[in-house]
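J.: Below you'll find entry_12.txt; it's compact mmCIF, C-alpha atoms.
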# COMPACT_ATOMS: atom_id res chain seq x y z
CA MET A 22 -67.67 187.97 312.41
CA TRP A 23 -70.85 188.07 310.33
CA LEU A 24 -69.42 190.96 308.37
CA LEU A 25 -66.25 189.01 307.72
CA VAL A 26 -68.21 186.05 306.40
CA ALA A 27 -70.34 188.26 304.14
CA THR A 28 -67.18 189.91 302.89
CA ALA A 29 -65.48 186.63 302.24
CA VAL A 30 -68.53 185.27 300.45
CA ALA A 31 -68.31 188.20 298.07
CA VAL A 32 -64.66 187.31 297.49
CA VAL A 33 -65.51 183.65 296.89
CA GLY A 34 -68.23 184.79 294.52
CA ALA A 35 -65.51 185.94 292.19
CA GLN A 36 -64.04 182.44 292.24
CA PHE A 37 -67.23 180.52 291.69
CA THR A 38 -70.92 181.18 291.84
CA ILE A 39 -72.75 180.44 295.03
CA ARG A 40 -76.27 180.62 293.76
CA MET A 41 -77.87 179.42 296.91
CA MET A 42 -76.22 181.84 299.30
CA ASP A 43 -78.38 184.77 300.34
CA ASP A 44 -75.34 186.90 301.10
CA ALA A 45 -73.55 186.39 297.80
CA ASN A 46 -74.41 189.87 296.61
CA ALA A 47 -73.45 191.70 299.78
CA PRO A 48 -72.01 195.08 298.84
CA PRO A 49 -68.29 195.60 299.44
CA THR A 50 -67.57 197.06 302.83
CA ALA A 51 -64.80 199.24 304.16
CA GLU A 52 -63.58 196.17 306.00
CA GLU A 53 -63.31 194.25 302.74
CA GLN A 54 -61.29 197.00 301.17
CA ALA A 55 -58.97 196.92 304.16
CA LEU A 56 -58.09 193.25 303.62
CA THR A 57 -54.95 192.52 301.65
CA ALA A 58 -55.20 190.27 298.62
CA GLU A 59 -53.49 187.49 300.57
CA GLU A 60 -55.91 187.82 303.47
CA GLN A 61 -58.83 187.80 301.05
CA ALA A 62 -57.59 184.62 299.38
CA LEU A 63 -57.14 182.90 302.75
CA THR A 64 -60.57 184.01 303.92
CA ALA A 65 -62.16 182.93 300.63
CA GLN A 66 -60.59 179.50 300.99
CA GLN A 67 -61.87 179.21 304.55
CA VAL A 68 -65.40 180.26 303.59
CA ALA A 69 -65.42 177.90 300.60
CA ARG A 70 -64.41 175.10 302.99
CA ASP A 71 -67.28 176.02 305.27
CA ILE A 72 -69.97 176.22 302.60
CA VAL A 73 -68.84 173.50 300.17
CA THR A 74 -69.37 170.67 302.62
CA GLY A 75 -69.32 168.03 299.89
CA GLU A 76 -71.78 165.73 301.63
CA PHE A 77 -73.75 163.28 299.52
CA SER A 78 -75.69 160.05 299.73
CA LEU A 79 -76.04 158.53 296.25
CA ILE A 80 -76.06 155.28 294.28
CA ASP A 81 -72.85 154.34 292.45
CA HIS A 82 -72.83 152.83 288.97
CA HIS A 83 -72.67 149.32 290.45
CA GLY A 84 -75.95 149.98 292.26
CA ASN A 85 -74.40 150.40 295.73
CA ALA A 86 -75.45 153.13 298.15
CA VAL A 87 -72.45 155.36 298.85
CA THR A 88 -71.75 158.56 300.76
CA ASP A 89 -68.90 161.05 300.66
CA GLU A 90 -67.47 159.31 303.76
CA ASP A 91 -66.80 156.18 301.71
CA PHE A 92 -64.16 158.14 299.80
CA ARG A 93 -62.09 159.32 302.78
CA GLY A 94 -58.42 158.62 302.19
CA SER A 95 -58.59 159.52 298.50
CA TRP A 96 -58.90 162.92 296.86
CA PRO A 97 -62.29 163.11 295.14
CA LEU A 98 -62.34 165.05 291.85
CA ILE A 99 -66.03 165.78 291.34
CA PHE A 100 -67.96 166.90 288.28
CA PHE A 101 -71.72 167.37 287.82
CA GLY A 102 -73.23 166.65 284.39
CA TYR A 103 -75.47 164.28 282.43
CA THR A 104 -75.01 161.57 279.83
CA TYR A 105 -77.11 163.27 277.13
CA CYS A 106 -74.69 166.21 277.23
CA PRO A 107 -72.73 166.17 273.95
CA ASP A 108 -70.10 168.80 274.63
CA VAL A 109 -69.12 170.00 278.09
CA CYS A 110 -69.49 166.65 279.89
CA PRO A 111 -67.49 164.53 277.41
CA THR A 112 -64.95 167.37 277.24
CA THR A 113 -64.58 167.46 281.01
CA LEU A 114 -64.52 163.68 281.44
CA GLY A 115 -61.93 163.57 278.64
CA VAL A 116 -59.89 166.15 280.54
CA VAL A 117 -60.28 164.20 283.80
CA SER A 118 -59.06 161.03 282.06
CA LEU A 119 -56.00 162.84 280.70
CA VAL A 120 -55.35 164.38 284.14
CA MET A 121 -55.34 160.85 285.61
CA ASP A 122 -52.82 159.76 282.96
CA GLU A 123 -50.73 162.88 283.57
CA LEU A 124 -50.68 162.22 287.33
CA GLY A 125 -49.06 158.82 286.80
CA GLU A 126 -48.52 157.12 290.17
CA ASP A 127 -50.16 160.00 292.01
CA ALA A 128 -53.44 159.15 290.24
CA ALA A 129 -53.83 156.27 292.70
CA LYS A 130 -54.78 158.85 295.36
CA VAL A 131 -57.36 160.66 293.18
CA GLN A 132 -60.95 159.43 292.81
CA PRO A 133 -62.91 161.02 289.94
CA LEU A 134 -66.67 161.13 290.62
CA PHE A 135 -69.23 162.03 287.95
CA ILE A 136 -72.54 162.99 289.57
CA THR A 137 -75.54 163.16 287.25
CA VAL A 138 -77.92 166.12 287.48
CA ASP A 139 -80.40 164.14 285.33
CA PRO A 140 -81.23 161.05 287.44
CA GLN A 141 -84.51 160.57 285.54
CA ARG A 142 -82.59 159.42 282.47
CA ASP A 143 -79.25 158.57 284.09
CA THR A 144 -79.89 155.41 286.09
CA PRO A 145 -76.88 153.61 287.66
CA GLU A 146 -76.81 151.23 284.65
CA VAL A 147 -76.72 154.15 282.20
CA MET A 148 -73.96 155.77 284.24
CA ALA A 149 -71.93 152.53 284.26
CA ASP A 150 -71.86 152.33 280.46
CA TYR A 151 -71.12 156.03 280.14
CA VAL A 152 -68.19 156.46 282.51
CA ALA A 153 -66.56 153.23 281.28
CA ALA A 154 -65.99 154.93 277.92
CA PHE A 155 -63.69 157.50 279.52
CA HIS A 156 -61.52 156.09 282.30
CA PRO A 157 -61.75 152.90 284.36
CA LYS A 158 -61.38 154.80 287.62
CA ILE A 159 -64.26 157.24 287.16
CA ILE A 160 -67.26 156.37 289.34
CA GLY A 161 -70.68 157.48 288.11
CA LEU A 162 -73.16 158.53 290.79
CA SER A 163 -76.93 158.78 290.47
CA GLY A 164 -79.83 158.60 292.92
CA SER A 165 -83.29 159.96 293.55
CA LEU A 166 -84.15 163.52 292.56
CA GLU A 167 -83.87 164.46 296.24
CA GLN A 168 -80.49 162.79 296.70
CA VAL A 169 -79.08 164.53 293.64
CA ALA A 170 -80.50 167.89 294.75
CA ALA A 171 -78.87 167.46 298.16
CA ALA A 172 -75.51 166.53 296.62
CA ALA A 173 -75.60 169.60 294.37
CA GLN A 174 -76.60 171.80 297.31
CA SER A 175 -73.65 170.64 299.41
CA HIS A 176 -71.30 171.58 296.55
CA ARG A 177 -73.20 174.81 295.83
CA ALA A 178 -73.65 173.46 292.30
CA TYR A 179 -76.56 174.74 290.24
CA TYR A 180 -78.64 172.89 287.65
CA VAL A 181 -81.98 173.25 285.93
CA LYS A 182 -83.85 171.36 283.22
CA ALA A 183 -84.08 173.49 280.08
CA PRO A 184 -85.55 173.24 276.58
CA VAL A 185 -82.97 172.77 273.83
CA GLU A 186 -84.77 175.41 271.79
CA GLU A 187 -85.01 178.73 273.65
CA GLY A 188 -88.55 179.34 274.82
CA ALA A 189 -89.87 175.93 273.73
CA GLU A 190 -91.67 173.48 275.99
CA ILE A 191 -89.61 170.87 277.79
CA SER A 192 -90.53 167.46 276.42
CA GLU A 193 -90.48 164.30 278.55
CA THR A 194 -87.46 162.85 276.81
CA GLU A 195 -85.76 165.68 274.99
CA TYR A 196 -84.24 168.39 277.10
CA ALA A 197 -80.93 169.83 278.14
CA MET A 198 -79.64 170.39 281.65
CA ASP A 199 -78.01 173.72 282.38
CA HIS A 200 -75.46 173.00 285.09
CA SER A 201 -72.40 174.24 286.93
CA ALA A 202 -69.38 173.03 285.03
CA TYR A 203 -66.77 173.17 287.77
CA LEU A 204 -64.43 170.39 288.74
CA TYR A 205 -64.17 170.17 292.54
CA LEU A 206 -61.13 168.81 294.32
CA MET A 207 -61.78 167.59 297.86
CA ASP A 208 -58.96 166.46 300.14
CA ALA A 209 -58.46 163.04 301.75
CA GLN A 210 -60.55 164.17 304.75
CA GLY A 211 -63.39 165.25 302.48
CA VAL A 212 -62.66 168.95 302.92
CA TYR A 213 -62.94 171.31 299.96
CA ALA A 214 -59.53 172.04 298.42
CA HIS A 215 -60.12 173.75 295.08
CA VAL A 216 -62.36 174.24 292.04
CA PHE A 217 -61.07 173.99 288.48
CA SER A 218 -62.76 175.43 285.43
CA PRO A 219 -63.36 173.07 282.49
CA THR A 220 -61.23 175.43 280.42
CA ASP A 221 -58.15 174.85 282.60
CA THR A 222 -55.59 172.69 280.83
CA VAL A 223 -54.79 169.09 281.73
CA GLU A 224 -51.25 170.13 282.75
CA GLU A 225 -52.52 172.96 284.98
CA ILE A 226 -55.06 170.75 286.72
CA ALA A 227 -52.61 167.87 287.25
CA ALA A 228 -49.90 170.22 288.58
CA GLU A 229 -52.31 171.87 291.02
CA ILE A 230 -53.69 168.55 292.27
CA ARG A 231 -50.11 167.41 292.91
CA GLU A 232 -49.37 170.64 294.75
CA PHE A 233 -52.43 170.21 296.98
CA MET A 234 -51.63 166.58 297.70
CA ASN A 235 -48.04 167.41 298.63
CA LYS A 236 -48.91 170.29 300.97
CA MET B 3 -86.20 179.46 259.46
CA ARG B 4 -86.29 176.59 261.87
CA PHE B 5 -83.10 174.64 262.09
CA ILE B 6 -84.62 171.22 262.16
CA LEU B 7 -84.52 169.63 258.75
CA SER B 8 -87.85 168.07 257.95
CA SER B 9 -87.85 164.84 255.97
CA ALA B 10 -89.25 166.66 252.94
CA LEU B 11 -86.45 169.21 253.06
CA ALA B 12 -83.95 166.41 253.57
CA ALA B 13 -85.19 164.67 250.44
CA MET B 14 -84.86 167.89 248.45
CA ALA B 15 -81.39 168.48 249.81
CA LEU B 16 -80.34 164.93 248.96
CA ALA B 17 -81.56 165.35 245.37
CA ALA B 18 -79.31 168.36 244.85
CA ILE B 19 -76.38 167.09 246.80
CA SER B 20 -72.75 167.01 245.81
CA VAL B 21 -71.18 164.01 247.53
CA GLN B 22 -67.54 164.22 248.46
CA ALA B 23 -65.23 161.59 249.77
CA PRO B 24 -61.84 163.23 250.06
CA ALA B 25 -58.86 161.05 249.20
CA PHE B 26 -57.17 162.19 252.40
CA ALA B 27 -58.88 163.26 255.62
CA GLU B 28 -56.74 166.43 255.57
CA ASP B 29 -58.22 167.57 252.24
CA PRO B 30 -60.90 170.21 252.75
CA VAL B 31 -64.39 169.46 251.48
CA SER B 32 -65.49 172.13 249.00
CA VAL B 33 -68.97 173.42 248.29
CA GLY B 34 -69.24 176.68 246.33
CA ASP B 35 -66.90 179.18 247.98
CA LEU B 36 -66.85 177.23 251.21
CA ARG B 37 -64.17 174.87 252.50
CA ILE B 38 -64.95 172.48 255.33
CA MET B 39 -61.76 171.54 257.15
CA HIS B 40 -60.88 168.89 259.74
CA PRO B 41 -64.37 167.55 260.43
CA TRP B 42 -64.55 165.11 263.33
CA ALA B 43 -67.04 163.63 265.72
CA ARG B 44 -66.86 162.03 269.13
CA ALA B 45 -67.45 158.34 269.66
CA SER B 46 -70.59 157.44 271.62
CA ALA B 47 -70.16 156.90 275.34
CA GLY B 48 -72.71 154.55 276.90
CA HIS B 49 -76.16 154.82 275.33
CA GLY B 50 -74.75 157.39 272.91
CA LYS B 51 -78.14 158.97 272.18
CA SER B 52 -76.45 162.36 271.82
CA GLY B 53 -73.50 163.06 269.60
CA ALA B 54 -71.50 166.04 268.42
CA ALA B 55 -69.52 166.86 265.29
CA PHE B 56 -66.98 169.64 264.92
CA MET B 57 -65.13 171.31 262.02
CA THR B 58 -63.87 174.59 260.66
CA ILE B 59 -65.78 176.23 257.80
CA ALA B 60 -63.93 178.83 255.72
CA ASN B 61 -65.53 181.16 253.19
CA THR B 62 -63.18 182.07 250.33
CA GLY B 63 -65.86 184.09 248.54
CA GLY B 64 -66.80 187.75 248.62
CA ALA B 65 -70.23 187.29 250.17
CA ASP B 66 -71.39 185.97 253.52
CA ASP B 67 -73.04 182.57 253.52
CA LYS B 68 -75.08 180.85 256.18
CA LEU B 69 -75.21 177.29 257.47
CA VAL B 70 -78.95 176.72 257.67
CA ALA B 71 -79.35 172.98 258.23
CA ALA B 72 -77.52 169.76 259.01
CA SER B 73 -78.62 166.17 258.71
CA THR B 74 -77.40 162.60 258.94
CA ALA B 75 -79.13 159.28 258.45
CA ASN B 76 -77.64 158.28 261.80
CA ALA B 77 -79.70 160.63 264.00
CA LYS B 78 -83.36 161.49 264.38
CA LYS B 79 -82.56 165.18 264.61
CA THR B 80 -79.51 167.20 263.69
CA GLU B 81 -79.16 170.79 264.82
CA ILE B 82 -76.51 173.46 265.23
CA HIS B 83 -75.95 174.09 268.94
CA GLU B 84 -74.03 176.62 270.92
CA THR B 85 -72.54 176.00 274.35
CA THR B 86 -72.18 179.05 276.56
CA MET B 87 -70.74 179.50 280.02
CA GLU B 88 -72.23 182.12 282.28
CA ASP B 89 -71.06 182.43 285.89
CA GLY B 90 -69.70 178.90 285.62
CA VAL B 91 -73.04 177.50 284.46
CA MET B 92 -72.97 175.64 281.16
CA LYS B 93 -75.92 176.08 278.82
CA MET B 94 -76.52 174.44 275.48
CA ARG B 95 -79.04 175.82 273.04
CA MET B 96 -80.03 175.46 269.42
CA LEU B 97 -78.61 178.29 267.36
CA MET B 98 -81.58 180.10 265.87
CA GLY B 99 -81.49 181.67 262.42
CA GLY B 100 -78.45 179.82 261.09
CA LEU B 101 -74.71 180.25 261.46
CA THR B 102 -73.15 182.99 259.34
CA ILE B 103 -69.87 182.15 257.62
CA PRO B 104 -68.45 185.61 256.88
CA ALA B 105 -66.95 186.47 253.49
CA GLY B 106 -63.20 185.84 253.60
CA GLY B 107 -63.48 184.48 257.13
CA GLU B 108 -63.88 181.20 258.92
CA VAL B 109 -65.94 179.79 261.76
CA ALA B 110 -64.67 177.04 264.02
CA LEU B 111 -67.11 174.54 265.48
CA LYS B 112 -65.23 173.17 268.48
CA PRO B 113 -65.76 171.83 272.00
CA MET B 114 -67.14 174.38 274.50
CA GLY B 115 -68.37 176.51 271.59
CA LEU B 116 -70.36 175.49 268.54
CA HIS B 117 -71.17 171.95 267.43
CA VAL B 118 -73.41 170.00 265.11
CA MET B 119 -75.66 168.23 267.60
CA LEU B 120 -76.96 164.75 266.82
CA MET B 121 -80.06 163.90 268.82
CA GLY B 122 -81.44 160.38 268.90
CA VAL B 123 -78.37 158.72 267.38
CA THR B 124 -79.60 155.49 265.78
CA GLU B 125 -76.28 153.65 265.40
CA LYS B 126 -73.52 154.20 267.94
CA LEU B 127 -70.60 156.27 266.75
CA VAL B 128 -67.49 154.11 266.91
CA GLU B 129 -63.94 155.44 267.20
CA GLY B 130 -62.00 154.91 263.97
CA GLU B 131 -65.14 154.79 261.81
CA THR B 132 -66.81 157.68 259.97
CA LEU B 133 -70.15 159.43 260.10
CA VAL B 134 -71.78 160.74 256.91
CA LEU B 135 -73.01 164.28 257.47
CA THR B 136 -74.86 166.70 255.19
CA LEU B 137 -74.64 170.44 255.69
CA THR B 138 -76.86 172.87 253.82
CA PHE B 139 -75.80 176.46 253.21
CA GLU B 140 -78.02 179.32 252.06
CA LYS B 141 -75.89 180.15 249.00
CA ALA B 142 -73.46 177.27 248.47
CA GLY B 143 -76.14 174.59 248.72
CA SER B 144 -75.73 171.15 250.26
CA VAL B 145 -72.70 168.97 250.68
CA GLU B 146 -72.35 165.48 252.07
CA PHE B 147 -69.06 164.34 253.52
CA ALA B 148 -67.42 161.76 255.76
CA VAL B 149 -66.60 162.76 259.32
CA PRO B 150 -63.87 160.74 261.09
CA ILE B 151 -64.81 159.62 264.60
CA GLY B 152 -62.35 160.16 267.45
CA GLY B 153 -62.46 159.10 271.11
CA PRO B 154 -65.45 159.89 273.34
CA GLY B 155 -63.59 162.74 275.08
CA ALA B 156 -61.47 163.80 272.08
CA MET B 157 -60.65 167.47 271.74
CA MET B 158 -59.60 167.53 268.09
CA ALA B 159 -59.84 165.65 264.82
CA PRO B 160 -58.28 162.17 265.10
CA ASN B 161 -55.94 162.83 262.18
CA MET B 162 -54.61 165.97 263.91
CA ASN B 163 -53.53 164.22 267.12
What do you get writing this file as C-alpha cells?
T.:
Amino acid sequence: MWLLVATAVAVVGAQFTIRMMDDANAPPTAEEQALTAEEQALTAQQVARDIVTGEFSLIDHHGNAVTDEDFRGSWPLIFFGYTYCPDVCPTTLGVVSLVMDELGEDAAKVQPLFITVDPQRDTPEVMADYVAAFHPKIIGLSGSLEQVAAAAQSHRAYYVKAPVEEGAEISETEYAMDHSAYLYLMDAQGVYAHVFSPTDTVEEIAAEIREFMNK
Amino acid sequence: MRFILSSALAAMALAAISVQAPAFAEDPVSVGDLRIMHPWARASAGHGKSGAAFMTIANTGGADDKLVAASTANAKKTEIHETTMEDGVMKMRMLMGGLTIPAGGEVALKPMGLHVMLMGVTEKLVEGETLVLTLTFEKAGSVEFAVPIGGPGAMMAPNMN
C-alpha cells in the first residue's frame, strides 16, 4: 500500500507540485510502470483527495471567522494570492469573474474564495475592497500568519516572501510573494475535485466545473 | 544599470522628451525606430498600491534597442517586471539590465509575462481614464504617451475588446 501511495504521489507530482510531501520525489517503480494510464489517473485523483484536505480556519472580508465547513453545499473555487500582486492575481481573479459569468445559473453553486498569502498587508478590510473590484461573489479570506500557513498547507500550496529585486533585502513594506498559482475546485462536500492552471481558458474552466458538478 | 529611475534621471528624461497624444488609441506611438502599440493598464482594485501596464513594442530599425527605464508621475517607483511560472509557483521579479527590443522584431508586454510595474501608485487608476507613462530607450530616447485604463482583471487593451 505504501508503495502504491508513493507511486501515486509521483503521478500527482506531474499534475501539481506537492512541495511539502517527503515522498514527492520517489523514483518510479516497476509497479508504477505496470499501471495503465487510466489506473494512474484514478490513483492520482484519490491521492490528491487524501492530501489536499482543504481545511482552513480564517477571517472573511466582513471580519467573520469562517472555516471550510461553512462552505459545504457549494463548490469552492480557491485561489491563493495577495493584493499587491499586479499581474497573476488580477489575471486569475479576472478569469474567475468571467468563469462565473460563463457558468450562468450554475454559478449559484460555485463559491470563489481568494485566500491571501500576505496577511501582514492584507487585512480583512483590504481584502474587502480588493475582491469587490472583481466579482460580487468572491470572498476574500485573511487571518493570522499561522492560520494562513495552515490553510496553504492543507491545499499543498506554497508561498514565500521575496525581494522584488533578485538578491536584494526584503523591506518591511515592499516585497513580492512567490506563490502557487493554481485554482482549486472542491466539491460540495469539501472534497478535492480538480486544480486548474491560471493559463487555462475561461471556457475550459467553466466547462470542466460544469462537468464535475453534473457527475 | 539599475532600472529604477532616480528623480535626477527623470528630470533629464523629461527635458528631452517627445510627448505624443495619438489622435486615436489604435495609432502606434513612435519614438525613433520604435513603435509602441496598444498600450493599456489595469484599473486599481482596492488600495491599488500596485499597478501594471502592458503594450507591444516593435522595432522597425536595423539595430537592437533596449528599454532601460520607465516612469510616471502617478507612482513612486516604476520598473520593468517579469512574471515566471515554475512548477506552478508564480514569481515576479524586476528585469535586470533592460529589455532588448530586437531589430526588426517586437516584444509583447502582457499578463503572465512582462509588464511595466507601478509601485506606490499615488492616484488610483480608474477604468476609462488614462495614465501618462514615459519609457526611455537606450537609442531611441524617451517618449511620453497616454495609456488607456481597462478593468481591474482585463486581459487586453480596452479598445481591442
J.: Counting only C-alpha atoms, what is within 6 Å of B:Ala72, bar same-chain residues fewer than 6 positions away, as a list in words?
T.: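 Listing them by chain and then by number gives Thr80, Thr136 and Leu137 of chain B.
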J.: Taking all atoms listed in the file into account, report as a PyMOL selection string which residues of chain B lie within 12 Å of chain A.
T.: chain B and resi 4-6+43-56+78-79+81-99+111-123+128-129+152-158
J.: List the neighbours of B:Phe139 out to 7 Å using all atoms listed in the file; skip same-chain residues closer than 5 positions along the sequence, and give me the result as a list of chain:residue names.
T.: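 Counting only the stated atoms, we get B:Asp67, B:Lys68, B:Leu69, B:Val70, B:Ser144.
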J.: Those residues you just picked out, can you put them in a file as a PDB file, in the coordinates of the input with C-alpha atoms?
T.:
ATOM      1  CA  ASP B  67     -73.040 182.570 253.520  1.00  0.00           C
ATOM      2  CA  LYS B  68     -75.080 180.850 256.180  1.00  0.00           C
ATOM      3  CA  LEU B  69     -75.210 177.290 257.470  1.00  0.00           C
ATOM      4  CA  VAL B  70     -78.950 176.720 257.670  1.00  0.00           C
ATOM      5  CA  SER B 144     -75.730 171.150 250.260  1.00  0.00           C
TER       6      SER B 144
END
J.: Would you compute an axis-aligned box for stretch 111-128 of chain B, covering every atom listed for it in the file with 4 Å of margin on each side, and report centre and edge lengths in Å to one decimal as AutoDock Vina command-line options?
T.:
--center_x -73.3 --center_y 165.1 --center_z 269.8 --size_x 24.2 --size_y 30.9 --size_z 17.4
J.: With a distance cut-off of 8 Å and only C-alpha atoms, select the neighbouring residues of A:His215, excluding the residue or stretch itself and same-chain residues fewer than 6 positions from it, and output the selection as a list in words.
T.: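 Contacts, in chain order: Tyr205, Leu206 and Met207 of chain A.
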J.: In Å to one decimal, how far is atom CA of B:Thr74 from atom CA of B:Gly143?
T.: 15.8 Å
J.: Any idea what the distance is between atom CA of A:Ala129 and atom CA of A:Ile80?
T.: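 Computing it gives 22.3 Å between the two atoms.
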J.: Leaving out B:Thr58 and any residue of its chain fewer than 2 positions from it, which residues lie within 10 Å of it when counting only C-alpha atoms, given as an MDAnalysis selection string?
T.: chainID B and resid 30 37:42 56 60 108:112
J.: Would you export the selected residues with C-alpha atoms as a PDB file, in the frame of the given file, please?
T.:
ATOM      1  CA  PRO B  30     -60.900 170.210 252.750  1.00  0.00           C
ATOM      2  CA  ARG B  37     -64.170 174.870 252.500  1.00  0.00           C
ATOM      3  CA  ILE B  38     -64.950 172.480 255.330  1.00  0.00           C
ATOM      4  CA  MET B  39     -61.760 171.540 257.150  1.00  0.00           C
ATOM      5  CA  HIS B  40     -60.880 168.890 259.740  1.00  0.00           C
ATOM      6  CA  PRO B  41     -64.370 167.550 260.430  1.00  0.00           C
ATOM      7  CA  TRP B  42     -64.550 165.110 263.330  1.00  0.00           C
ATOM      8  CA  PHE B  56     -66.980 169.640 264.920  1.00  0.00           C
ATOM      9  CA  ALA B  60     -63.930 178.830 255.720  1.00  0.00           C
ATOM     10  CA  GLU B 108     -63.880 181.200 258.920  1.00  0.00           C
ATOM     11  CA  VAL B 109     -65.940 179.790 261.760  1.00  0.00           C
ATOM     12  CA  ALA B 110     -64.670 177.040 264.020  1.00  0.00           C
ATOM     13  CA  LEU B 111     -67.110 174.540 265.480  1.00  0.00           C
ATOM     14  CA  LYS B 112     -65.230 173.170 268.480  1.00  0.00           C
TER      15      LYS B 112
END
J.: What is the distance, in Å and to one decimal place, between atom CA of A:Tyr103 and atom CA of A:Thr144?
T.: 10.6 Å
J.: Counting all atoms listed in the file, what is within 12 Å of A:Leu79, bar same-chain residues fewer than 4 positions away, as a PyMOL selection string?
T.: chain A and resi 83-91+134-138+140+144-145+160-173
J.: Since the input is missing atoms for stretch 134-155 of chain A, could you rebuild it with N, CA and C atoms and give the result as a PDB file, in the frame of the given file?
T.:
ATOM      1  N   LEU A 134     -65.256 161.456 290.424  1.00  0.00           N
ATOM      2  CA  LEU A 134     -66.670 161.130 290.620  1.00  0.00           C
ATOM      3  C   LEU A 134     -67.497 161.974 289.648  1.00  0.00           C
ATOM      4  N   PHE A 135     -68.356 161.323 288.885  1.00  0.00           N
ATOM      5  CA  PHE A 135     -69.230 162.030 287.950  1.00  0.00           C
ATOM      6  C   PHE A 135     -70.660 161.907 288.480  1.00  0.00           C
ATOM      7  N   ILE A 136     -71.205 163.021 288.972  1.00  0.00           N
ATOM      8  CA  ILE A 136     -72.540 162.990 289.570  1.00  0.00           C
ATOM      9  C   ILE A 136     -73.551 163.512 288.550  1.00  0.00           C
ATOM     10  N   THR A 137     -74.562 162.705 288.224  1.00  0.00           N
ATOM     11  CA  THR A 137     -75.540 163.160 287.250  1.00  0.00           C
ATOM     12  C   THR A 137     -76.485 164.200 287.870  1.00  0.00           C
ATOM     13  N   VAL A 138     -76.882 165.164 287.052  1.00  0.00           N
ATOM     14  CA  VAL A 138     -77.920 166.120 287.480  1.00  0.00           C
ATOM     15  C   VAL A 138     -79.236 165.751 286.785  1.00  0.00           C
ATOM     16  N   ASP A 139     -79.237 164.595 286.112  1.00  0.00           N
ATOM     17  CA  ASP A 139     -80.400 164.140 285.330  1.00  0.00           C
ATOM     18  C   ASP A 139     -80.738 162.688 285.709  1.00  0.00           C
ATOM     19  N   PRO A 140     -81.038 162.448 287.009  1.00  0.00           N
ATOM     20  CA  PRO A 140     -81.230 161.050 287.440  1.00  0.00           C
ATOM     21  C   PRO A 140     -82.438 160.383 286.782  1.00  0.00           C
ATOM     22  N   GLN A 141     -83.360 161.165 286.221  1.00  0.00           N
ATOM     23  CA  GLN A 141     -84.510 160.570 285.540  1.00  0.00           C
ATOM     24  C   GLN A 141     -84.068 159.713 284.364  1.00  0.00           C
ATOM     25  N   ARG A 142     -83.080 160.193 283.613  1.00  0.00           N
ATOM     26  CA  ARG A 142     -82.590 159.420 282.470  1.00  0.00           C
ATOM     27  C   ARG A 142     -81.332 158.642 282.837  1.00  0.00           C
ATOM     28  N   ASP A 143     -80.529 159.192 283.754  1.00  0.00           N
ATOM     29  CA  ASP A 143     -79.250 158.570 284.090  1.00  0.00           C
ATOM     30  C   ASP A 143     -79.366 157.632 285.289  1.00  0.00           C
ATOM     31  N   THR A 144     -79.822 156.432 285.039  1.00  0.00           N
ATOM     32  CA  THR A 144     -79.890 155.410 286.090  1.00  0.00           C
ATOM     33  C   THR A 144     -78.459 154.904 286.335  1.00  0.00           C
ATOM     34  N   PRO A 145     -78.227 154.166 287.421  1.00  0.00           N
ATOM     35  CA  PRO A 145     -76.880 153.610 287.660  1.00  0.00           C
ATOM     36  C   PRO A 145     -76.369 152.795 286.469  1.00  0.00           C
ATOM     37  N   GLU A 146     -77.244 152.041 285.806  1.00  0.00           N
ATOM     38  CA  GLU A 146     -76.810 151.230 284.650  1.00  0.00           C
ATOM     39  C   GLU A 146     -76.329 152.133 283.511  1.00  0.00           C
ATOM     40  N   VAL A 147     -77.096 153.201 283.251  1.00  0.00           N
ATOM     41  CA  VAL A 147     -76.720 154.150 282.200  1.00  0.00           C
ATOM     42  C   VAL A 147     -75.384 154.792 282.546  1.00  0.00           C
ATOM     43  N   MET A 148     -75.207 155.146 283.802  1.00  0.00           N
ATOM     44  CA  MET A 148     -73.960 155.770 284.240  1.00  0.00           C
ATOM     45  C   MET A 148     -72.774 154.819 284.079  1.00  0.00           C
ATOM     46  N   ALA A 149     -73.006 153.538 284.359  1.00  0.00           N
ATOM     47  CA  ALA A 149     -71.930 152.530 284.260  1.00  0.00           C
ATOM     48  C   ALA A 149     -71.385 152.482 282.831  1.00  0.00           C
ATOM     49  N   ASP A 150     -72.294 152.401 281.859  1.00  0.00           N
ATOM     50  CA  ASP A 150     -71.860 152.330 280.460  1.00  0.00           C
ATOM     51  C   ASP A 150     -71.153 153.612 280.038  1.00  0.00           C
ATOM     52  N   TYR A 151     -71.645 154.737 280.558  1.00  0.00           N
ATOM     53  CA  TYR A 151     -71.120 156.030 280.140  1.00  0.00           C
ATOM     54  C   TYR A 151     -69.697 156.267 280.652  1.00  0.00           C
ATOM     55  N   VAL A 152     -69.509 156.130 281.955  1.00  0.00           N
ATOM     56  CA  VAL A 152     -68.190 156.460 282.510  1.00  0.00           C
ATOM     57  C   VAL A 152     -67.110 155.482 282.024  1.00  0.00           C
ATOM     58  N   ALA A 153     -67.528 154.235 281.740  1.00  0.00           N
ATOM     59  CA  ALA A 153     -66.560 153.230 281.280  1.00  0.00           C
ATOM     60  C   ALA A 153     -65.883 153.656 279.984  1.00  0.00           C
ATOM     61  N   ALA A 154     -66.558 154.498 279.197  1.00  0.00           N
ATOM     62  CA  ALA A 154     -65.990 154.930 277.920  1.00  0.00           C
ATOM     63  C   ALA A 154     -64.823 155.892 278.116  1.00  0.00           C
ATOM     64  N   PHE A 155     -64.709 156.464 279.313  1.00  0.00           N
ATOM     65  CA  PHE A 155     -63.690 157.500 279.520  1.00  0.00           C
ATOM     66  C   PHE A 155     -62.465 157.009 280.278  1.00  0.00           C
TER      67      PHE A 155
END
